[in-house]
Amino acid sequence: MPSPDGEEQRAEGGPDLISFGQMPDRLEAAGLKKLSYQRCRQLAEEDPDWPIPMDQAIKVGRMRLFDWYALEPYFRNRKSRQGQRAVREQPPQEGPSSDTNQHDESEQGDE
């Protein structure tokens, strides 16, 4: 049954399905840090702690729907890593760098 403000009331035991586009407003309404819908999607794709895998989300057309009651604890307990870079492995370098080889060749040509 719709509430006076136009939102659906939670049916007892039923999911409260929302899309990425609705997540920023829902976060703000819950008193949590507001994230952009793009950031929410990025977390869904990259964060291993995301509670509902993308392939298990309900798909309606091109939209994916997630149960807010499963997402809210995730956002409430999530630690912000603002300004921290992801750890990236450096590929091993083999032999001398190509810059030194080019430099040596140019010196030899000047003789």
# chains A, B, ... in the order shown; residues from 1 in each chain; ligands from 1

$ residues_around --residues "region 59-70 of chain A" --least-positions-apart "3" --cutoff "9 Å" --atoms "only C-alpha atoms" --output "VMD selection string"
chain A and resid 15 to 20 23 26 51 to 52 54 to 56 73 to 74

$ closest_residue --among "A:Glu72, A:Glu94, A:Ala57, A:Asn77" --to "Ala30 (chain A)" --atoms "only C-alpha atoms"
A:Glu72

$ closest_residue --among "A:Pro53, A:Ser80, A:Gly21, A:Gln93" --to "Cys40 (chain A)" --atoms "only C-alpha atoms"
A:Gly21

$ closest_residue --among "A:Gly13, A:Glu46, A:Lys33, A:Pro24" --to "Arg76 (chain A)" --atoms "only C-alpha atoms"
A:Lys33

$ select_by_dssp --residues "region 5-91 of chain A" --states "helix (DSSP H, G or I)" --output "number ranges by chain"
A: 20-29, 37-46, 54-56, 68-77

$ atom_distance --atom1 "CA of Tyr37 (chain A)" --atom2 "CA of Gln22 (chain A)"
7.6 Å

$ atom_distance --atom1 "CA of Glu28 (chain A)" --atom2 "CA of Lys79 (chain A)"
16.6 Å
